[in-house]
Amino acid sequence: MKSFHGIFLRCPGLRQFPRARLLYALFVLVLLLMFVGPFVRFFDSPMRKCQLPPGMKLRTSDHVDNSLDLWSRNDVETCTSWGAPIIWEGMFDPDVYDKHHKKMDTSVALTVFAIGRYLEIYLKDFLSSAERYFMVGLPVTYYVFTDAPKKVPEVQLTAGRALEVIQVEQHKRWQDISMMRMQTIADTIETHIRHRNQYIFCFDVDQVFVGRFGSEALGDSVAILHAYFYQSPQEEYTYDRNPNSTAFMETGDFYYHAAVFGGTWRSVRNLTASCHKGIMRDKKNQVEALWHDESHLNKYLWLHKPSKVLSPEYCWASEIGYNRQIHVQRLLWAEKYYSTLRT
Ligand SMILES: *[C@@H]1O[C@H](CO)[C@@H](O)[C@H](O)[C@H]1NC(C)=O
Ligand SMILES: *[C@@H]1O[C@H](CO)[C@@H](O)[C@H](O)[C@H]1NC(C)=O
């Protein structure tokens, strides 16, 4: 208490301040911190950081990933605990990646489901924006899955790019549409994609490309951090917590977004086939995972770690608002019309 007093005595302004009032002010301050503290953490929760010591190599499957500069972004997590890179703007040289993949004759498949009204509302903007920004300069085959092939819009494709329309049946519930896509992708990899494309990316249709989504995103097994959860503590991740579901998990690494995933055809075939198996087992047991195919995807990626993770720059939601960690926006969620789409 002595030194405490000493400080006040040396500080003329405080000496005149009645002691009781000072204690009262301290008391109020402590109360404030107790109540406001948790909210402050919510707004500014510290990011985990890449734990590789400088100079240590990533565990990469493609040597071009050794060109990544993990230390160019010290405001965000640039690698996972198992040594996979997390791709943020500023970490890579786009020309190095594009040259490498041109030399390797890389060809990419893109799958997208446009069922019912989703086709009319979203497909045209999705495809024409992909032509401007998705893997520009590389051969790309779009696989459009739809219940109404005749309604697929005309889109001007640049040389080396092709579009295939594959008819699928219309399910009544959007949850079923979303879950059957795992099986459909696995089947199409066997029948088409494995003969034509080394890599595959699977997208939700209600999104628009607004910036480069390029060959730096390619890898053996690629997942994306969910824009709404990447800064949240793990307790807030919406994993499936029902022990009766095959997607059940108590802890995990991240919360991945099912709107974007990819990899080599072998790895995406394994992922989609495995998720489909889990979904079918759940159906037999009359359970449905909390977030459907996304819950199964998160479970699979926890057991089979992705070799590359994309930052939320690769799938951002404008309604989150300004975020200084997001240096570029590459793909944006389009406006949702759930009231008309999901009835
Ligand atoms: C899980 O299944 C058991 C047995 O069928 C049932 O009693 C229990 O209520 C289920 N739990 C949940 C969370 O659904
Ligand atoms: C796919 O699954 C098979 C069978 O489990 C396994 O042998 C193979 O290594 C897996 N491949 C990839 C790329 O995940």
# chains A, B, ... in the order shown; residues from 1 in each chain; ligands from 1

call {"tool": "select_by_dssp", "arguments": {"residues": "range 105-187 of chain A", "states": "strand (DSSP E or B)", "output": "number ranges by chain"}}
result
A: 108-114, 134, 140-146, 161-167

call {"tool": "write_last_selection", "arguments": {"atoms": "C-alpha atoms", "output": "compact mmCIF listing (two decimals), in the first residue's frame"}}
result
# COMPACT_ATOMS: atom_id res chain seq x y z
CA VAL A 108 -9.07 -28.00 -64.00
CA ALA A 109 -12.66 -29.19 -63.63
CA LEU A 110 -15.23 -26.95 -61.97
CA THR A 111 -18.47 -28.48 -60.72
CA VAL A 112 -21.55 -26.45 -59.88
CA PHE A 113 -25.16 -27.42 -59.15
CA ALA A 114 -27.95 -25.24 -60.53
CA PHE A 134 -11.20 -18.52 -62.37
CA VAL A 140 -11.09 -25.46 -67.57
CA THR A 141 -14.11 -27.73 -68.00
CA TYR A 142 -17.29 -26.57 -66.31
CA TYR A 143 -19.63 -29.36 -65.23
CA VAL A 144 -23.08 -27.89 -64.69
CA PHE A 145 -25.51 -30.22 -62.91
CA THR A 146 -29.11 -29.24 -63.40
CA ARG A 161 -12.49 -23.87 -71.92
CA ALA A 162 -15.54 -26.08 -72.24
CA LEU A 163 -18.93 -26.56 -70.62
CA GLU A 164 -20.76 -29.83 -70.04
CA VAL A 165 -24.32 -30.04 -68.82
CA ILE A 166 -25.33 -33.10 -66.82
CA GLN A 167 -28.93 -33.76 -65.93

call {"tool": "closest_atom_pairs", "arguments": {"of": "chain A", "to": "ligand 2", "cutoff": "10 Å", "atoms": "only C-alpha atoms and all ligand atoms", "output": "CSV"}}
result
residue,atom,partner,partner_atom_place_in_ligand_line,distance
A:Asp220,CA,ligand 2,13 (C),7.2
A:Ser221,CA,ligand 2,13 (C),7.9
A:Gly263,CA,ligand 2,13 (C),8.8
A:Thr264,CA,ligand 2,13 (C),7.2
A:Trp265,CA,ligand 2,13 (C),7.9
A:Arg266,CA,ligand 2,13 (C),4.7
A:Ser267,CA,ligand 2,13 (C),3.9
A:Val268,CA,ligand 2,14 (O),7.6
A:Arg269,CA,ligand 2,1 (C),7.4
A:Asn270,CA,ligand 2,1 (C),4.9
A:Leu271,CA,ligand 2,14 (O),7.6
A:Ala273,CA,ligand 2,2 (O),9.4
A:Ser274,CA,ligand 2,2 (O),9.2
A:His304,CA,ligand 2,14 (O),8.1
A:Pro306,CA,ligand 2,14 (O),9.9

call {"tool": "residues_around", "arguments": {"residues": "Asp95 in chain A", "least_positions_apart": "5", "cutoff": "12 Å", "atoms": "only C-alpha atoms", "output": "mmCIF file with N, CA and C atoms, in the first residue's frame"}}
result
data_model
loop_
_atom_site.group_PDB
_atom_site.id
_atom_site.type_symbol
_atom_site.label_atom_id
_atom_site.label_comp_id
_atom_site.auth_asym_id
_atom_site.auth_seq_id
_atom_site.Cartn_x
_atom_site.Cartn_y
_atom_site.Cartn_z
ATOM 1 N N VAL A 64 6.234 -25.977 -56.245
ATOM 2 C CA VAL A 64 5.945 -24.552 -56.467
ATOM 3 C C VAL A 64 5.484 -23.878 -55.164
ATOM 4 N N SER A 67 7.686 -21.575 -53.020
ATOM 5 C CA SER A 67 7.868 -20.156 -53.327
ATOM 6 C C SER A 67 6.982 -19.273 -52.441
ATOM 7 N N HIS A 100 4.227 -22.310 -63.782
ATOM 8 C CA HIS A 100 4.402 -23.706 -63.363
ATOM 9 C C HIS A 100 3.273 -24.579 -63.907
ATOM 10 N N HIS A 101 2.040 -24.122 -63.750
ATOM 11 C CA HIS A 101 0.913 -24.974 -64.151
ATOM 12 C C HIS A 101 0.743 -25.026 -65.666
ATOM 13 N N LYS A 102 1.173 -23.996 -66.373
ATOM 14 C CA LYS A 102 1.155 -24.091 -67.838
ATOM 15 C C LYS A 102 2.152 -25.133 -68.294
ATOM 16 N N VAL A 136 -7.651 -18.324 -64.978
ATOM 17 C CA VAL A 136 -7.480 -17.714 -66.299
ATOM 18 C C VAL A 136 -6.164 -18.187 -66.918
ATOM 19 N N GLY A 137 -6.207 -18.567 -68.194
ATOM 20 C CA GLY A 137 -5.012 -19.048 -68.884
ATOM 21 C C GLY A 137 -4.852 -20.555 -68.836
ATOM 22 N N GLY A 214 -6.852 -18.068 -58.782
ATOM 23 C CA GLY A 214 -5.915 -18.631 -59.735
ATOM 24 C C GLY A 214 -5.238 -19.911 -59.286
ATOM 25 N N SER A 215 -4.172 -20.281 -60.029
ATOM 26 C CA SER A 215 -3.547 -21.591 -59.849
ATOM 27 C C SER A 215 -2.842 -21.730 -58.500
ATOM 28 N N GLU A 216 -2.661 -20.608 -57.764
ATOM 29 C CA GLU A 216 -2.102 -20.730 -56.410
ATOM 30 C C GLU A 216 -3.045 -21.510 -55.494
#

call {"tool": "residues_near_ligand", "arguments": {"ligand": "ligand 1", "cutoff": "12 Å", "atoms": "only C-alpha atoms and all ligand atoms", "output": "ChimeraX atom specification"}}
result
/A:240-246,248,282,284-290

call {"tool": "residues_around", "arguments": {"residues": "Leu70 in chain A", "least_positions_apart": "3", "cutoff": "12 Å", "atoms": "only C-alpha atoms", "output": "MDAnalysis selection string"}}
result
chainID A and resid 49:58 65:67 73:80 83:92

call {"tool": "write_last_selection", "arguments": {"atoms": "C-alpha atoms", "output": "short mmCIF file (atom, residue, chain, number, x, y, z; two decimals), in the first residue's frame"}}
result
data_model
loop_
_atom_site.label_atom_id
_atom_site.label_comp_id
_atom_site.auth_asym_id
_atom_site.auth_seq_id
_atom_site.Cartn_x
_atom_site.Cartn_y
_atom_site.Cartn_z
CA LYS A 49 -0.12 -17.62 -35.86
CA CYS A 50 1.93 -19.86 -38.12
CA GLN A 51 4.19 -21.81 -35.79
CA LEU A 52 6.88 -22.86 -38.29
CA PRO A 53 10.12 -21.17 -37.33
CA PRO A 54 11.43 -18.88 -40.11
CA GLY A 55 13.44 -20.88 -42.60
CA MET A 56 11.64 -24.16 -41.86
CA LYS A 57 9.95 -25.73 -44.86
CA LEU A 58 6.26 -26.36 -45.29
CA ASP A 65 4.50 -24.09 -52.97
CA ASN A 66 8.06 -23.61 -51.71
CA SER A 67 7.87 -20.16 -53.33
CA ARG A 73 1.54 -11.58 -43.74
CA ASN A 74 2.17 -11.35 -40.03
CA ASP A 75 -1.38 -10.26 -39.26
CA VAL A 76 -2.89 -13.67 -40.05
CA GLU A 77 -2.29 -17.42 -39.70
CA THR A 78 -0.35 -18.52 -42.79
CA CYS A 79 0.16 -22.21 -42.03
CA THR A 80 -1.67 -24.95 -40.17
CA GLY A 83 2.42 -27.68 -42.04
CA ALA A 84 -0.10 -26.90 -44.80
CA PRO A 85 -0.03 -23.34 -46.17
CA ILE A 86 -3.02 -21.03 -45.69
CA ILE A 87 -3.12 -18.83 -48.78
CA TRP A 88 -3.50 -15.06 -48.28
CA GLU A 89 -2.93 -12.20 -50.68
CA GLY A 90 0.73 -11.15 -50.63
CA MET A 91 2.15 -14.64 -49.94
CA PHE A 92 2.49 -15.82 -53.52
#

call {"tool": "residues_around", "arguments": {"residues": "Phe209 in chain A", "least_positions_apart": "4", "cutoff": "10 Å", "atoms": "only C-alpha atoms", "output": "number ranges by chain"}}
result
A: 125-134, 213, 314-315, 329-334

call {"tool": "select_by_dssp", "arguments": {"residues": "range 141-213 of chain A", "states": "alpha helix (DSSP H)", "output": "ChimeraX atom specification"}}
result
/A:174-191

call {"tool": "write_last_selection", "arguments": {"atoms": "N, CA and C atoms", "output": "PDB file, in the first residue's frame"}}
result
ATOM      1  N   TRP A 174     -34.153 -28.708 -50.184  1.00  0.00           N
ATOM      2  CA  TRP A 174     -32.831 -28.211 -50.562  1.00  0.00           C
ATOM      3  C   TRP A 174     -31.737 -28.983 -49.831  1.00  0.00           C
ATOM      4  N   GLN A 175     -32.067 -29.497 -48.629  1.00  0.00           N
ATOM      5  CA  GLN A 175     -31.075 -30.279 -47.887  1.00  0.00           C
ATOM      6  C   GLN A 175     -30.672 -31.524 -48.675  1.00  0.00           C
ATOM      7  N   ASP A 176     -31.662 -32.138 -49.352  1.00  0.00           N
ATOM      8  CA  ASP A 176     -31.370 -33.355 -50.119  1.00  0.00           C
ATOM      9  C   ASP A 176     -30.549 -33.036 -51.367  1.00  0.00           C
ATOM     10  N   ILE A 177     -30.864 -31.903 -52.000  1.00  0.00           N
ATOM     11  CA  ILE A 177     -30.091 -31.472 -53.164  1.00  0.00           C
ATOM     12  C   ILE A 177     -28.639 -31.305 -52.762  1.00  0.00           C
ATOM     13  N   SER A 178     -28.468 -30.635 -51.634  1.00  0.00           N
ATOM     14  CA  SER A 178     -27.129 -30.332 -51.173  1.00  0.00           C
ATOM     15  C   SER A 178     -26.373 -31.612 -50.817  1.00  0.00           C
ATOM     16  N   MET A 179     -27.081 -32.611 -50.294  1.00  0.00           N
ATOM     17  CA  MET A 179     -26.396 -33.839 -49.892  1.00  0.00           C
ATOM     18  C   MET A 179     -26.152 -34.788 -51.057  1.00  0.00           C
ATOM     19  N   MET A 180     -27.066 -34.792 -52.044  1.00  0.00           N
ATOM     20  CA  MET A 180     -26.863 -35.722 -53.159  1.00  0.00           C
ATOM     21  C   MET A 180     -25.710 -35.283 -54.050  1.00  0.00           C
ATOM     22  N   ARG A 181     -25.284 -34.025 -53.885  1.00  0.00           N
ATOM     23  CA  ARG A 181     -24.214 -33.580 -54.776  1.00  0.00           C
ATOM     24  C   ARG A 181     -22.912 -34.341 -54.522  1.00  0.00           C
ATOM     25  N   MET A 182     -22.700 -34.825 -53.294  1.00  0.00           N
ATOM     26  CA  MET A 182     -21.477 -35.575 -52.997  1.00  0.00           C
ATOM     27  C   MET A 182     -21.388 -36.819 -53.884  1.00  0.00           C
ATOM     28  N   GLN A 183     -22.504 -37.554 -53.965  1.00  0.00           N
ATOM     29  CA  GLN A 183     -22.501 -38.759 -54.790  1.00  0.00           C
ATOM     30  C   GLN A 183     -22.347 -38.412 -56.274  1.00  0.00           C
ATOM     31  N   THR A 184     -23.049 -37.374 -56.697  1.00  0.00           N
ATOM     32  CA  THR A 184     -22.995 -36.996 -58.109  1.00  0.00           C
ATOM     33  C   THR A 184     -21.582 -36.595 -58.522  1.00  0.00           C
ATOM     34  N   ILE A 185     -20.896 -35.865 -57.663  1.00  0.00           N
ATOM     35  CA  ILE A 185     -19.520 -35.478 -57.983  1.00  0.00           C
ATOM     36  C   ILE A 185     -18.634 -36.720 -58.057  1.00  0.00           C
ATOM     37  N   ALA A 186     -18.764 -37.612 -57.075  1.00  0.00           N
ATOM     38  CA  ALA A 186     -17.942 -38.837 -57.075  1.00  0.00           C
ATOM     39  C   ALA A 186     -18.172 -39.638 -58.362  1.00  0.00           C
ATOM     40  N   ASP A 187     -19.436 -39.765 -58.774  1.00  0.00           N
ATOM     41  CA  ASP A 187     -19.752 -40.513 -60.003  1.00  0.00           C
ATOM     42  C   ASP A 187     -19.141 -39.842 -61.230  1.00  0.00           C
ATOM     43  N   THR A 188     -19.261 -38.516 -61.298  1.00  0.00           N
ATOM     44  CA  THR A 188     -18.775 -37.790 -62.481  1.00  0.00           C
ATOM     45  C   THR A 188     -17.254 -37.802 -62.568  1.00  0.00           C
ATOM     46  N   ILE A 189     -16.602 -37.882 -61.436  1.00  0.00           N
ATOM     47  CA  ILE A 189     -15.139 -38.017 -61.462  1.00  0.00           C
ATOM     48  C   ILE A 189     -14.778 -39.337 -62.154  1.00  0.00           C
ATOM     49  N   GLU A 190     -15.484 -40.397 -61.821  1.00  0.00           N
ATOM     50  CA  GLU A 190     -15.202 -41.702 -62.429  1.00  0.00           C
ATOM     51  C   GLU A 190     -15.521 -41.710 -63.933  1.00  0.00           C
ATOM     52  N   THR A 191     -16.673 -41.129 -64.295  1.00  0.00           N
ATOM     53  CA  THR A 191     -17.100 -41.246 -65.688  1.00  0.00           C
ATOM     54  C   THR A 191     -16.442 -40.214 -66.605  1.00  0.00           C
TER      55      THR A 191
END

call {"tool": "closest_residue", "arguments": {"among": "A:Ala159, A:Val210, A:Ala148, A:Val30", "to": "Tyr118 in chain A", "atoms": "only C-alpha atoms"}}
result
A:Ala148

call {"tool": "closest_residue", "arguments": {"among": "A:Ser307, A:Ser295, A:Thr272, A:Gln207", "to": "Ile121 in chain A", "atoms": "only C-alpha atoms"}}
result
A:Gln207

call {"tool": "atom_distance", "arguments": {"atom1": "CA of Trp82 in chain A", "atom2": "CA of Leu310 in chain A"}}
result
14.9 Å

call {"tool": "closest_residue", "arguments": {"among": "A:Ile200, A:Ala227, A:Val260, A:Leu23", "to": "Pro312 in chain A", "atoms": "only C-alpha atoms"}}
result
A:Ala227

call {"tool": "closest_residue", "arguments": {"among": "A:Asn197, A:Ser311, A:Lys336, A:Asp204", "to": "Glu294 in chain A", "atoms": "only C-alpha atoms"}}
result
A:Asp204

call {"tool": "closest_residue", "arguments": {"among": "A:Ile279, A:Leu31, A:Ala317, A:Val309", "to": "Gly219 in chain A", "atoms": "only C-alpha atoms"}}
result
A:Val309
